[in-house]
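Enquirer: Have a look at the structure that comes next, please.
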Amino acid sequence: MSGGAAWGTGVGVAPYAELVFDADGDPAPGTGTALDGMEATDLLVFAHGWNSEPRTSTLLYDRFFEPFPYLVGPAVRLGYAGVLWPSIRFADEPIPDFDPRGPAGALAEPQFGTALDPDTRRALGEFWPGRETELDRVAELLEERPQSRAAFVEFGALVRELAGVAAVSTATGEDVPAMFTEDVLEVCRSFTEAVVEAGGHAGGAEPSTDGAPSTDVAGLSIGGGLRALWSGAKEVLRQATYYEMKKRAGVIGERGLGPVLARLAAHRPDLRVHLIGHSFGGRVVSFSLRAVPGGARYVKSLTLLQGAFSHYAFTDRLPHDKSRGGALHGLQHSVDGPVVACHSPYDTALKVFYPLASRMAGDSAGVLGLDERWGALGHDGVQAVAGAPRITLAAALRDGLPTSGCVSVDAGAVVRRGGAPTGAHSDICHEELARIVVAAGRMGR
């Protein structure tokens with residue numbers, strides 16, 4: 001693995017370090033000790049979500065951290081750390097503060113339709129190294145959009161190979177997500193309908209003359225309208241990368257970041273740690289709590305920005321299965337402060353695609369019939385946790401946050417920009433959200 005922890009790499013705040021992990025959670029040389037000599041009372045640790053390359057993540061950290069020095073009290077000396085882990089962003093997933101804008105200030109429309117643009121194709125090669133042959137064929141199918149069932153069957157088989165689904169199920173006995181096992185045309189049809197719902201248009205169907213997306217998807221029939229379903233096929237490929245990132249994020253948090261921070265706490269017992277995560281990065285920092293030793297109180301706050309994992313993660317009893325709790329149940333008590341879930345109704349990645357993909361990863365037959373059990377924390381906040389308040393961003397900034405436990409903050413007042421297919425999912429660089437982190441960590445003036 002190349003790279004390592006670095007001081008002051010492209011970020012305007014100081015002191016700053018980067019914590020670099022590979023897909024198995026192993027730290028790069030220097031990552032385990034980079035923070036030992038940092039002069040700080042409070043350490044902000046931010047884990048990015050989907051990003052194709054480290055420079056995009058560093059740009060995110062630079063932008064998000066910028067207001068913090070002016071927000072904290074005089075007794076607070078901040079240190080900053082950015083987590084770098086192997087993830088991927090398709091080029092048509094807009095980041096409002098970073099991506100090009102059109103003449104009216106709106107985010108530029110993707111120019112490649114269902115085809116993979118060069119940046120995404122290169123990023124996929126880095127995400128799945130050694131799979132160039134399969135990726136070349138996937139790219140060819142998405143560009144040509146052949147109208148045959150055989151082409152879709154071939155595409156589905158290639159995506160399963162890339163995601164390593166067969167190997168995972170054989171080796172570990174895990175259930176295979178239904179999106180990899182159900183009829184590929186029906187899966188692509190479901191995702192094509194989701195593309196339309198998210199504000200895009202089907203790959204073979206052009207937008208209407210008034211600019212509204214075509215919604216004539218449900219009536220497509222085999223042999224008559226398969227070309228449009230390649231929009232859904234591209235989403236299946238995207239969801240395959242999300243499936244892989246979801247697994248990686250948990251591993252990196254529990255086996256990588258968590259132990260690094262536990263070792264740091266043993267070396268620097270007075271250092272106050274504040275965890276921040278965006279999208280799947282929220283999963284990274286949340287799963288790092290599994291490595292917090294019993295009784296340890298060094299994690300002082302956890303702020304999740306559009307968290308891409310279940311809104312039931314922290315519950316002791318799942319509403320639809322009382323015999324089980326969420327994947328992180330009870331871990332909010334490992335935080336000596338609040339767990340703040342910022343969510344937005346304008347996040348179509350989590351409103352539309354996350355529940356569909358989660359439903360397809362469930363153990364029920366079929367791919368239709370969404371309900372609240374598949375919701376994402378970044379869409380509607382923490383669910384099924386007793387005593388967890390739900391407040392607006394304005395109320396949180398005016399009145400403060402609870403000193404412990406879970407709290408959901410509707411950040412839709414600022415997290416609202418972005419185009420199809422992901423909406424406002426990456427619209428997180430706002431001073432208001434920085435102030436939420438400061439309030440959660442009790443670092444304010």
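Going by the structure tokens order, chains are called A, B, ..., each with residues numbered from 1, while ligands are numbered from 1 in the order shown.
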Using only C-alpha atoms, tabulate the residues of range 30-148 of chain A lying at most 12 Å from any atom of range 288-299 of chain A, each with its closest atom pair and that distance in Å to one decimal, by chain and increasing residue number, as a Markdown table.
Expert:
```
| residue | atom | partner | partner_atom | distance |
| --- | --- | --- | --- | --- |
| A:Thr41 | CA | A:Tyr298 | CA | 11.4 |
| A:Asp42 | CA | A:Tyr298 | CA | 10.0 |
| A:Leu43 | CA | A:Val299 | CA | 9.6 |
| A:Leu44 | CA | A:Val299 | CA | 10.3 |
| A:Val45 | CA | A:Val299 | CA | 10.3 |
| A:Ala47 | CA | A:Ser288 | CA | 10.9 |
| A:Val83 | CA | A:Ser288 | CA | 12.0 |
```
Enquirer: Residues near Gly258 in chain A, anyone? I mean within 10 Å using only C-alpha atoms, not counting same-chain ones fewer than 2 positions away, as a list in words.
Expert: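 Near Gly258 in chain A, the qualifying residues are Gly25, Val251, Ile252, Gly253, Glu254, Arg255, Gly256, Val260, Leu261, Ala262, Arg263, Leu264, Val284, Val285, Ser286, Phe287, Ser288, Leu289, Arg290, Ala291, Val292 and Pro293 of chain A.
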Enquirer: Only N, CA and C atoms, please: the residues just picked out, written as a PDB file, in the first residue's frame.
Expert:
```
ATOM      1  N   GLY A  25      -8.428  -2.551   6.664  1.00  0.00           N
ATOM      2  CA  GLY A  25      -8.301  -1.806   7.912  1.00  0.00           C
ATOM      3  C   GLY A  25      -6.885  -1.670   8.413  1.00  0.00           C
ATOM      4  N   VAL A 251     -15.317  -2.651   8.590  1.00  0.00           N
ATOM      5  CA  VAL A 251     -14.028  -3.285   8.893  1.00  0.00           C
ATOM      6  C   VAL A 251     -12.977  -2.235   9.249  1.00  0.00           C
ATOM      7  N   ILE A 252     -12.909  -1.178   8.458  1.00  0.00           N
ATOM      8  CA  ILE A 252     -11.903  -0.137   8.688  1.00  0.00           C
ATOM      9  C   ILE A 252     -12.157   0.574  10.015  1.00  0.00           C
ATOM     10  N   GLY A 253     -13.432   0.803  10.335  1.00  0.00           N
ATOM     11  CA  GLY A 253     -13.735   1.432  11.613  1.00  0.00           C
ATOM     12  C   GLY A 253     -13.358   0.560  12.793  1.00  0.00           C
ATOM     13  N   GLU A 254     -13.773  -0.697  12.759  1.00  0.00           N
ATOM     14  CA  GLU A 254     -13.571  -1.584  13.908  1.00  0.00           C
ATOM     15  C   GLU A 254     -12.127  -2.056  14.047  1.00  0.00           C
ATOM     16  N   ARG A 255     -11.497  -2.404  12.924  1.00  0.00           N
ATOM     17  CA  ARG A 255     -10.156  -2.997  12.988  1.00  0.00           C
ATOM     18  C   ARG A 255      -9.035  -2.004  12.730  1.00  0.00           C
ATOM     19  N   GLY A 256      -9.387  -0.830  12.148  1.00  0.00           N
ATOM     20  CA  GLY A 256      -8.355   0.139  11.808  1.00  0.00           C
ATOM     21  C   GLY A 256      -8.417   1.376  12.675  1.00  0.00           C
ATOM     22  N   VAL A 260      -6.457   2.433  16.465  1.00  0.00           N
ATOM     23  CA  VAL A 260      -5.548   3.580  16.411  1.00  0.00           C
ATOM     24  C   VAL A 260      -5.938   4.609  17.476  1.00  0.00           C
ATOM     25  N   LEU A 261      -7.234   4.891  17.595  1.00  0.00           N
ATOM     26  CA  LEU A 261      -7.674   5.875  18.583  1.00  0.00           C
ATOM     27  C   LEU A 261      -7.557   5.339  20.008  1.00  0.00           C
ATOM     28  N   ALA A 262      -7.786   4.052  20.207  1.00  0.00           N
ATOM     29  CA  ALA A 262      -7.623   3.476  21.545  1.00  0.00           C
ATOM     30  C   ALA A 262      -6.174   3.565  21.999  1.00  0.00           C
ATOM     31  N   ARG A 263      -5.231   3.298  21.085  1.00  0.00           N
ATOM     32  CA  ARG A 263      -3.810   3.423  21.428  1.00  0.00           C
ATOM     33  C   ARG A 263      -3.450   4.869  21.727  1.00  0.00           C
ATOM     34  N   LEU A 264      -4.004   5.794  20.922  1.00  0.00           N
ATOM     35  CA  LEU A 264      -3.756   7.211  21.155  1.00  0.00           C
ATOM     36  C   LEU A 264      -4.276   7.626  22.525  1.00  0.00           C
ATOM     37  N   VAL A 284     -17.766   4.214   9.251  1.00  0.00           N
ATOM     38  CA  VAL A 284     -16.383   4.042   9.709  1.00  0.00           C
ATOM     39  C   VAL A 284     -16.240   4.508  11.155  1.00  0.00           C
ATOM     40  N   VAL A 285     -16.631   5.764  11.436  1.00  0.00           N
ATOM     41  CA  VAL A 285     -16.416   6.287  12.786  1.00  0.00           C
ATOM     42  C   VAL A 285     -17.331   5.608  13.804  1.00  0.00           C
ATOM     43  N   SER A 286     -18.540   5.230  13.402  1.00  0.00           N
ATOM     44  CA  SER A 286     -19.444   4.563  14.340  1.00  0.00           C
ATOM     45  C   SER A 286     -18.929   3.182  14.720  1.00  0.00           C
ATOM     46  N   PHE A 287     -18.441   2.430  13.731  1.00  0.00           N
ATOM     47  CA  PHE A 287     -17.923   1.097  14.040  1.00  0.00           C
ATOM     48  C   PHE A 287     -16.606   1.167  14.796  1.00  0.00           C
ATOM     49  N   SER A 288     -15.924   2.302  14.757  1.00  0.00           N
ATOM     50  CA  SER A 288     -14.713   2.445  15.573  1.00  0.00           C
ATOM     51  C   SER A 288     -15.043   2.385  17.058  1.00  0.00           C
ATOM     52  N   LEU A 289     -16.297   2.660  17.428  1.00  0.00           N
ATOM     53  CA  LEU A 289     -16.700   2.589  18.828  1.00  0.00           C
ATOM     54  C   LEU A 289     -16.599   1.172  19.382  1.00  0.00           C
ATOM     55  N   ARG A 290     -16.620   0.179  18.510  1.00  0.00           N
ATOM     56  CA  ARG A 290     -16.494  -1.206  18.982  1.00  0.00           C
ATOM     57  C   ARG A 290     -15.126  -1.475  19.603  1.00  0.00           C
ATOM     58  N   ALA A 291     -14.155  -0.614  19.284  1.00  0.00           N
ATOM     59  CA  ALA A 291     -12.801  -0.794  19.820  1.00  0.00           C
ATOM     60  C   ALA A 291     -12.551   0.053  21.062  1.00  0.00           C
ATOM     61  N   VAL A 292     -13.557   0.797  21.529  1.00  0.00           N
ATOM     62  CA  VAL A 292     -13.391   1.599  22.739  1.00  0.00           C
ATOM     63  C   VAL A 292     -13.414   0.669  23.955  1.00  0.00           C
ATOM     64  N   PRO A 293     -12.350   0.657  24.769  1.00  0.00           N
ATOM     65  CA  PRO A 293     -12.339  -0.232  25.943  1.00  0.00           C
ATOM     66  C   PRO A 293     -13.471   0.107  26.903  1.00  0.00           C
TER      67      PRO A 293
END
```
Enquirer: As a list in words, list the residues of range 193-354 of chain A assigned to strand (DSSP E) by DSSP on the backbone atoms of this structure.
Expert: Arg272, Val273, His274, Leu275, Ile276, Gly277, His278, Val299, Lys300, Ser301, Leu302, Thr303, Leu304, Leu305, Pro338, Val339, Val340, Ala341, Cys342 and His343 of chain A
Enquirer: Excluding same-chain residues fewer than 3 positions from range 322-330 of chain A, what lies within 10 Å of it counting only C-alpha atoms, as a list in words?
Expert: Arg283, Ser286, Phe287, Leu289, Arg290, Phe309, Ser310, His311, Tyr312, Ala313, Phe314, Thr315, Asp316, Arg317, Leu318, Pro319, His333, Ser334, Ala384, Val385 and Gly405 of chain A
Enquirer: So how many Å separate CA of Arg435 in chain A and CA of His274 in chain A, to one decimal?
Expert: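 Going from CA of Arg435 in chain A over to CA of His274 in chain A covers 13.0 Å.
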Enquirer: Counting only C-alpha atoms, figure out which residue out of A:Val196, A:Ala349, A:Val273, A:Ala123 gets nearest to Gly307 in chain A.
Expert: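 For Gly307 in chain A, the nearest of the given residues is A:Ala349.
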Enquirer: Figure out the distance between CA of Gly419 in chain A and CA of Phe65 in chain A, please, to one decimal in Å.
Expert: 24.4 Å
